[in-house]
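Shown here: my_file39.csv, CSV, C-alpha atoms.
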```
chain,number,residue,atom,x,y,z
K,9,MET,CA,19.1,10.0,15.1
K,10,SER,CA,17.3,7.5,17.4
K,11,LYS,CA,13.9,8.5,15.8
K,12,LYS,CA,15.2,7.8,12.3
K,13,ARG,CA,16.6,4.4,13.5
K,14,SER,CA,13.2,3.5,15.0
K,15,SER,CA,11.4,4.5,11.9
K,16,ARG,CA,13.7,2.3,9.7
K,17,ARG,CA,13.3,-0.6,12.2
K,18,LYS,CA,9.5,-0.3,12.0
K,19,ILE,CA,9.6,-0.4,8.2
K,20,GLN,CA,11.8,-3.6,8.3
K,21,ILE,CA,9.4,-5.3,10.8
K,22,ASN,CA,6.4,-4.6,8.5
K,23,LEU,CA,8.1,-6.6,5.7
K,24,VAL,CA,7.3,-10.3,5.3
K,25,GLU,CA,10.9,-11.5,5.2
K,26,ASN,CA,10.0,-15.2,4.8
K,27,SER,CA,8.0,-14.6,1.6
K,28,PRO,CA,9.4,-16.2,-1.6
K,29,LEU,CA,8.7,-12.9,-3.2
K,30,ARG,CA,10.7,-10.9,-0.7
K,31,HIS,CA,13.9,-11.0,-2.7
K,32,ARG,CA,12.4,-11.0,-6.2
K,33,ASP,CA,13.1,-8.1,-8.4
K,34,PRO,CA,10.7,-5.2,-7.5
K,35,ARG,CA,9.7,-4.9,-11.2
K,36,VAL,CA,8.3,-8.4,-11.0
K,37,LYS,CA,6.1,-7.5,-8.1
K,38,ILE,CA,5.0,-4.3,-9.8
K,39,THR,CA,4.0,-6.4,-12.8
K,40,LEU,CA,2.1,-8.8,-10.5
K,41,ALA,CA,0.2,-5.9,-8.8
K,42,LEU,CA,-0.6,-4.1,-12.0
K,43,CYS,CA,-1.9,-7.3,-13.7
K,44,ALA,CA,-4.0,-8.1,-10.7
K,45,SER,CA,-5.5,-4.6,-10.7
K,46,LEU,CA,-6.5,-5.1,-14.4
K,47,ALA,CA,-8.9,-7.8,-13.2
K,48,VAL,CA,-11.3,-5.0,-12.1
K,49,MET,CA,-12.3,-4.8,-15.8
K,50,LEU,CA,-13.7,-8.3,-15.7
K,51,PRO,CA,-17.3,-9.2,-15.2
K,52,LEU,CA,-18.4,-10.8,-11.9
K,53,ASP,CA,-17.7,-14.5,-12.8
K,54,LYS,CA,-14.3,-13.8,-14.3
K,55,LEU,CA,-13.5,-11.5,-11.4
K,56,LEU,CA,-14.2,-14.2,-8.9
K,57,LEU,CA,-11.9,-16.6,-10.8
K,58,SER,CA,-9.1,-14.0,-10.9
K,59,MET,CA,-9.5,-13.5,-7.2
K,60,VAL,CA,-9.2,-17.2,-6.5
K,61,ILE,CA,-6.0,-17.3,-8.6
K,62,TYR,CA,-4.6,-14.3,-6.7
K,63,ILE,CA,-5.5,-15.7,-3.3
K,64,VAL,CA,-3.6,-18.9,-4.2
K,65,LEU,CA,-0.6,-16.7,-5.2
K,66,LEU,CA,-0.8,-14.8,-1.9
K,67,GLN,CA,-1.0,-18.0,0.1
K,68,TRP,CA,2.0,-19.4,-1.8
K,69,GLY,CA,3.9,-16.2,-1.1
K,70,GLN,CA,2.9,-16.2,2.6
K,71,LEU,CA,1.3,-12.8,2.1
K,72,LEU,CA,-2.4,-13.6,2.7
K,73,PRO,CA,-2.4,-12.3,6.3
K,74,ALA,CA,-0.8,-9.0,5.2
K,75,ALA,CA,-3.3,-8.6,2.4
K,76,LEU,CA,-6.2,-9.4,4.8
K,77,GLN,CA,-4.8,-6.8,7.2
K,78,GLN,CA,-4.8,-4.1,4.6
K,79,VAL,CA,-8.4,-5.0,3.5
K,80,TRP,CA,-9.5,-4.9,7.2
K,81,ARG,CA,-8.2,-1.4,7.5
K,82,ILE,CA,-10.7,-0.1,4.9
K,83,LYS,CA,-13.6,-2.2,6.2
K,84,TRP,CA,-15.8,0.8,6.9
K,85,ILE,CA,-15.2,2.3,3.4
K,86,LEU,CA,-16.1,-1.1,1.9
K,87,LEU,CA,-19.3,-1.3,4.1
K,88,PHE,CA,-20.3,2.2,3.2
K,89,LEU,CA,-19.9,1.7,-0.5
K,90,PHE,CA,-21.6,-1.6,-0.4
K,91,ILE,CA,-24.7,-0.3,1.3
K,92,GLY,CA,-24.8,2.9,-0.8
K,93,ASP,CA,-24.5,1.0,-4.1
K,94,TRP,CA,-27.1,-1.6,-2.9
K,95,LEU,CA,-29.6,1.1,-1.9
K,96,LEU,CA,-29.1,3.5,-4.8
K,97,VAL,CA,-28.5,1.0,-7.7
K,98,ASP,CA,-28.7,-2.8,-7.1
K,99,LEU,CA,-27.0,-5.6,-5.3
K,100,ASP,CA,-25.0,-6.8,-8.3
K,101,LEU,CA,-23.2,-3.5,-8.6
K,102,ALA,CA,-22.6,-3.4,-4.8
K,103,VAL,CA,-21.0,-6.8,-4.9
K,104,ILE,CA,-18.7,-6.2,-7.9
K,105,VAL,CA,-17.5,-2.8,-6.6
K,106,THR,CA,-16.7,-4.3,-3.2
K,107,LEU,CA,-14.8,-7.2,-4.8
K,108,ARG,CA,-12.9,-4.8,-7.0
K,109,LEU,CA,-11.7,-2.7,-4.1
K,110,ILE,CA,-10.7,-5.8,-2.1
K,111,LEU,CA,-8.7,-7.0,-5.1
K,112,LEU,CA,-6.9,-3.7,-5.6
K,113,THR,CA,-6.1,-3.4,-1.9
K,114,GLY,CA,-4.8,-7.0,-1.7
K,115,SER,CA,-2.8,-6.7,-4.9
K,116,PHE,CA,-0.8,-3.7,-3.8
K,117,ALA,CA,-0.4,-5.2,-0.3
K,118,LEU,CA,1.7,-7.9,-2.1
K,119,PHE,CA,4.1,-5.2,-3.3
K,120,PHE,CA,4.3,-3.1,-0.1
K,121,ALA,CA,4.7,-6.1,2.2
K,122,THR,CA,7.8,-7.4,0.3
K,123,THR,CA,9.6,-4.2,-0.9
K,124,THR,CA,11.6,-1.5,0.8
K,125,PRO,CA,11.5,2.1,-0.2
K,126,LYS,CA,15.0,1.9,-1.7
K,127,GLU,CA,14.0,-1.1,-3.8
K,128,LEU,CA,10.9,0.8,-5.1
K,129,GLU,CA,13.2,3.8,-5.9
K,130,LEU,CA,15.6,1.6,-7.9
K,131,ALA,CA,12.8,-0.2,-9.7
K,132,LEU,CA,11.2,3.1,-10.8
K,133,VAL,CA,14.6,4.4,-12.0
K,134,ARG,CA,15.2,1.2,-14.0
K,135,MET,CA,11.8,1.7,-15.6
K,136,HIS,CA,13.1,5.1,-16.9
K,137,ILE,CA,11.2,7.3,-14.5
K,138,PRO,CA,13.2,10.4,-13.7
K,139,TYR,CA,15.1,10.1,-10.4
K,140,ARG,CA,13.5,13.1,-8.8
K,141,TYR,CA,10.1,11.4,-9.1
K,142,ALA,CA,11.4,8.0,-8.1
K,143,PHE,CA,13.0,9.5,-5.0
K,144,SER,CA,9.8,11.4,-4.1
K,145,LEU,CA,7.8,8.2,-4.3
K,146,GLY,CA,10.3,6.5,-2.1
K,147,LEU,CA,10.0,9.2,0.5
K,148,ALA,CA,6.2,9.0,0.3
K,149,PHE,CA,6.5,5.2,0.9
K,150,ILE,CA,8.5,5.9,4.1
K,151,SER,CA,6.1,8.7,5.2
K,152,ILE,CA,3.2,6.3,5.2
K,153,SER,CA,4.8,4.2,7.9
K,154,LEU,CA,6.0,7.3,9.8
K,155,LEU,CA,2.5,8.8,9.7
K,156,GLU,CA,1.0,5.6,11.2
K,157,GLN,CA,3.6,5.8,14.0
K,158,GLU,CA,2.8,9.4,14.7
K,159,TRP,CA,-0.9,8.6,14.7
K,160,GLN,CA,-0.5,6.0,17.4
K,161,ALA,CA,1.8,8.2,19.4
K,162,ILE,CA,-0.8,11.1,19.3
K,163,LYS,CA,-3.6,8.7,20.2
K,164,GLU,CA,-1.7,7.4,23.2
K,165,ALA,CA,-0.9,10.9,24.4
K,166,GLN,CA,-4.5,12.0,24.1
K,167,HIS,CA,-5.7,8.8,25.9
K,168,VAL,CA,-3.4,9.7,28.8
K,169,ARG,CA,-5.0,13.2,28.9
K,170,GLY,CA,-8.5,11.8,29.1
K,171,ALA,CA,-9.6,11.6,25.5
K,172,TRP,CA,-10.9,8.3,24.0
K,173,SER,CA,-12.5,7.3,27.3
K,174,SER,CA,-14.7,4.3,27.5
K,175,LYS,CA,-17.8,6.5,28.2
K,176,SER,CA,-17.4,8.3,24.8
K,177,ARG,CA,-17.0,5.2,22.7
K,178,GLY,CA,-20.7,4.6,22.6
K,179,LYS,CA,-21.6,8.1,21.5
K,180,LEU,CA,-21.2,9.0,17.9
K,181,ILE,CA,-20.8,12.7,18.3
K,182,GLU,CA,-18.1,12.4,20.9
K,183,ARG,CA,-16.4,9.7,18.8
K,184,VAL,CA,-16.3,12.0,15.8
K,185,ARG,CA,-14.9,14.8,18.0
K,186,ASP,CA,-12.1,12.5,19.2
K,187,LEU,CA,-11.2,11.6,15.7
K,188,VAL,CA,-11.0,15.2,14.6
K,189,SER,CA,-8.8,16.1,17.6
K,190,LEU,CA,-6.6,13.2,16.6
K,191,ALA,CA,-6.5,14.0,12.8
K,192,VAL,CA,-5.6,17.7,13.1
K,193,PRO,CA,-2.2,17.2,14.9
K,194,ALA,CA,-1.4,14.2,12.8
K,195,VAL,CA,-1.9,16.2,9.6
K,196,VAL,CA,0.1,19.1,10.9
K,197,LEU,CA,3.0,16.8,11.9
K,198,ALA,CA,2.8,15.0,8.5
K,199,THR,CA,3.0,18.4,6.7
K,200,LYS,CA,6.0,19.5,8.7
K,201,ARG,CA,7.8,16.2,8.2
K,202,ALA,CA,7.1,16.4,4.4
K,203,TRP,CA,8.4,19.9,4.2
K,204,SER,CA,11.5,19.0,6.2
K,205,MET,CA,12.3,16.1,4.0
K,206,THR,CA,11.7,18.2,0.9
K,207,GLU,CA,14.2,20.9,2.1
K,208,ALA,CA,16.7,18.2,3.1
K,209,ALA,CA,16.5,16.5,-0.3
K,210,HIS,CA,16.7,19.8,-2.1
K,211,ALA,CA,19.8,20.8,-0.1
K,212,ARG,CA,21.5,17.5,-1.1
K,213,GLY,CA,20.7,17.9,-4.8
K,214,PHE,CA,18.2,15.1,-5.0
K,215,ASP,CA,16.0,17.2,-7.4
K,216,SER,CA,18.7,17.2,-10.0
K,217,PRO,CA,17.4,15.5,-13.2
K,218,LYS,CA,20.8,13.9,-13.9
K,219,ARG,CA,21.2,12.3,-10.5
K,220,LYS,CA,21.1,8.5,-10.4
K,221,PRO,CA,21.2,5.9,-7.6
K,222,PHE,CA,24.4,4.0,-7.0
K,223,HIS,CA,23.0,0.5,-7.0
K,224,GLN,CA,21.5,-1.2,-10.0
K,225,LEU,CA,18.9,-4.0,-10.3
K,226,VAL,CA,19.6,-7.1,-12.3
K,227,MET,CA,16.8,-9.4,-13.5
K,228,LYS,CA,17.3,-13.1,-12.9
K,229,ARG,CA,15.9,-16.0,-14.9
K,230,THR,CA,13.3,-16.7,-12.3
K,231,ASP,CA,12.2,-13.0,-12.4
K,232,PHE,CA,11.6,-13.3,-16.2
K,233,TYR,CA,9.6,-16.5,-15.6
K,234,PHE,CA,7.4,-14.7,-13.1
K,235,ILE,CA,6.7,-11.8,-15.5
K,236,ILE,CA,6.0,-14.1,-18.5
K,237,GLY,CA,3.6,-16.2,-16.4
K,238,THR,CA,1.8,-13.2,-14.9
K,239,VAL,CA,1.3,-11.5,-18.3
K,240,LEU,CA,0.1,-14.8,-19.9
K,241,VAL,CA,-2.5,-15.4,-17.1
K,242,CYS,CA,-3.6,-11.8,-17.1
K,243,GLY,CA,-3.9,-11.7,-20.9
K,244,GLY,CA,-5.8,-15.0,-20.9
K,245,LEU,CA,-8.4,-13.6,-18.4
K,246,LEU,CA,-8.8,-10.4,-20.4
K,247,TYR,CA,-9.1,-12.3,-23.7
K,248,TRP,CA,-11.6,-14.7,-22.2
K,249,ARG,CA,-13.6,-11.7,-21.0
```
Give the structure from the file, written as structure tokens.
Amino acid sequence: MSKKRSSRRKIQINLVENSPLRHRDPRVKITLALCASLAVMLPLDKLLLSMVIYIVLLQWGQLLPAALQQVWRIKWILLFLFIGDWLLVDLDLAVIVTLRLILLTGSFALFFATTTPKELELALVRMHIPYRYAFSLGLAFISISLLEQEWQAIKEAQHVRGAWSSKSRGKLIERVRDLVSLAVPAVVLATKRAWSMTEAAHARGFDSPKRKPFHQLVMKRTDFYFIIGTVLVCGGLLYWR
């Protein structure tokens, strides 16, 4: 029981509660994220313009630090792809691929930094997605935070036992070995947790196609304004393309 409470508390802490988008309808934030992701179809100059617009939106929503944090987490992937595209193709492709990944990462950070798993589940049900799939995606949302928590706990335990020492940090082979020793128990724990949640959900009838959530979402006038403005801006950029 205490572990479940700590997991929920961690999820709540990760939310940006003071954001103006925090209490907006989740369908509005899904629309914002999807429209922002469509900008990957634009050429470089229009892509830069759409990124500027989106950065202004993130700054207004007090979500820019959260988006930058998500981008920073994939810094090595971005660097690897940039160098690979630059060496194998050309610099223009390396730049545009990197910018597209940054935009995608930042756009969905907007949603996950302001939405709880329950709100995601309700939004998907209201979008006529079967409840069993909406519930599964909500569990996956929770599992991401729990997996990060388990990862840190395993790393601290291994550090106490002598792994991740300062002498091995400068050696690539030992560093890779430490990462493997960390990844294996994390994957095993994640698999066990996913199986346990699946069995618990099945025992409670959550896989029934007729099951529906108790709460309902109601779109407010401001939510409609957000959706209309987002679609107009996104449509304008794609038409201007």
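For the atom pair formed by atom CA of K:Leu111 and atom CA of K:Asp98, the distance is 20.5 Å, given to one decimal.
We find atom CA of K:Leu95 and atom CA of K:Ser45 to be spaced 26.3 Å apart.
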Item to check | Residues within 12 Å of K:Ile82, all atoms listed in the file, excluding chain neighbours under 6 positions, as a ChimeraX atom specification | outcome: /K:75-76,88-89,106,109-110,112-114
Item to check | Separation of atom CA of K:Gly69 from atom CA of K:Pro28 in Å | outcome: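 These two atoms are separated by 5.5 Å.
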Item to check | Distance query stretch 118-127 of chain K at most 8 Å, only C-alpha atoms, self and fewer than 5 positions along chain excluded, as a PyMOL selection string | outcome: chain K and resi 19-20+22-25+27+29-31+34+37-38+41+66+71+74-75+146-147+149-150
Item to check | Near-K:Val103 list (12 Å; only C-alpha atoms; drop same-chain fewer than 6 positions) as a PyMOL selection string | outcome: chain K and resi 51-53+55-56+86-87+89-94+97+109-110
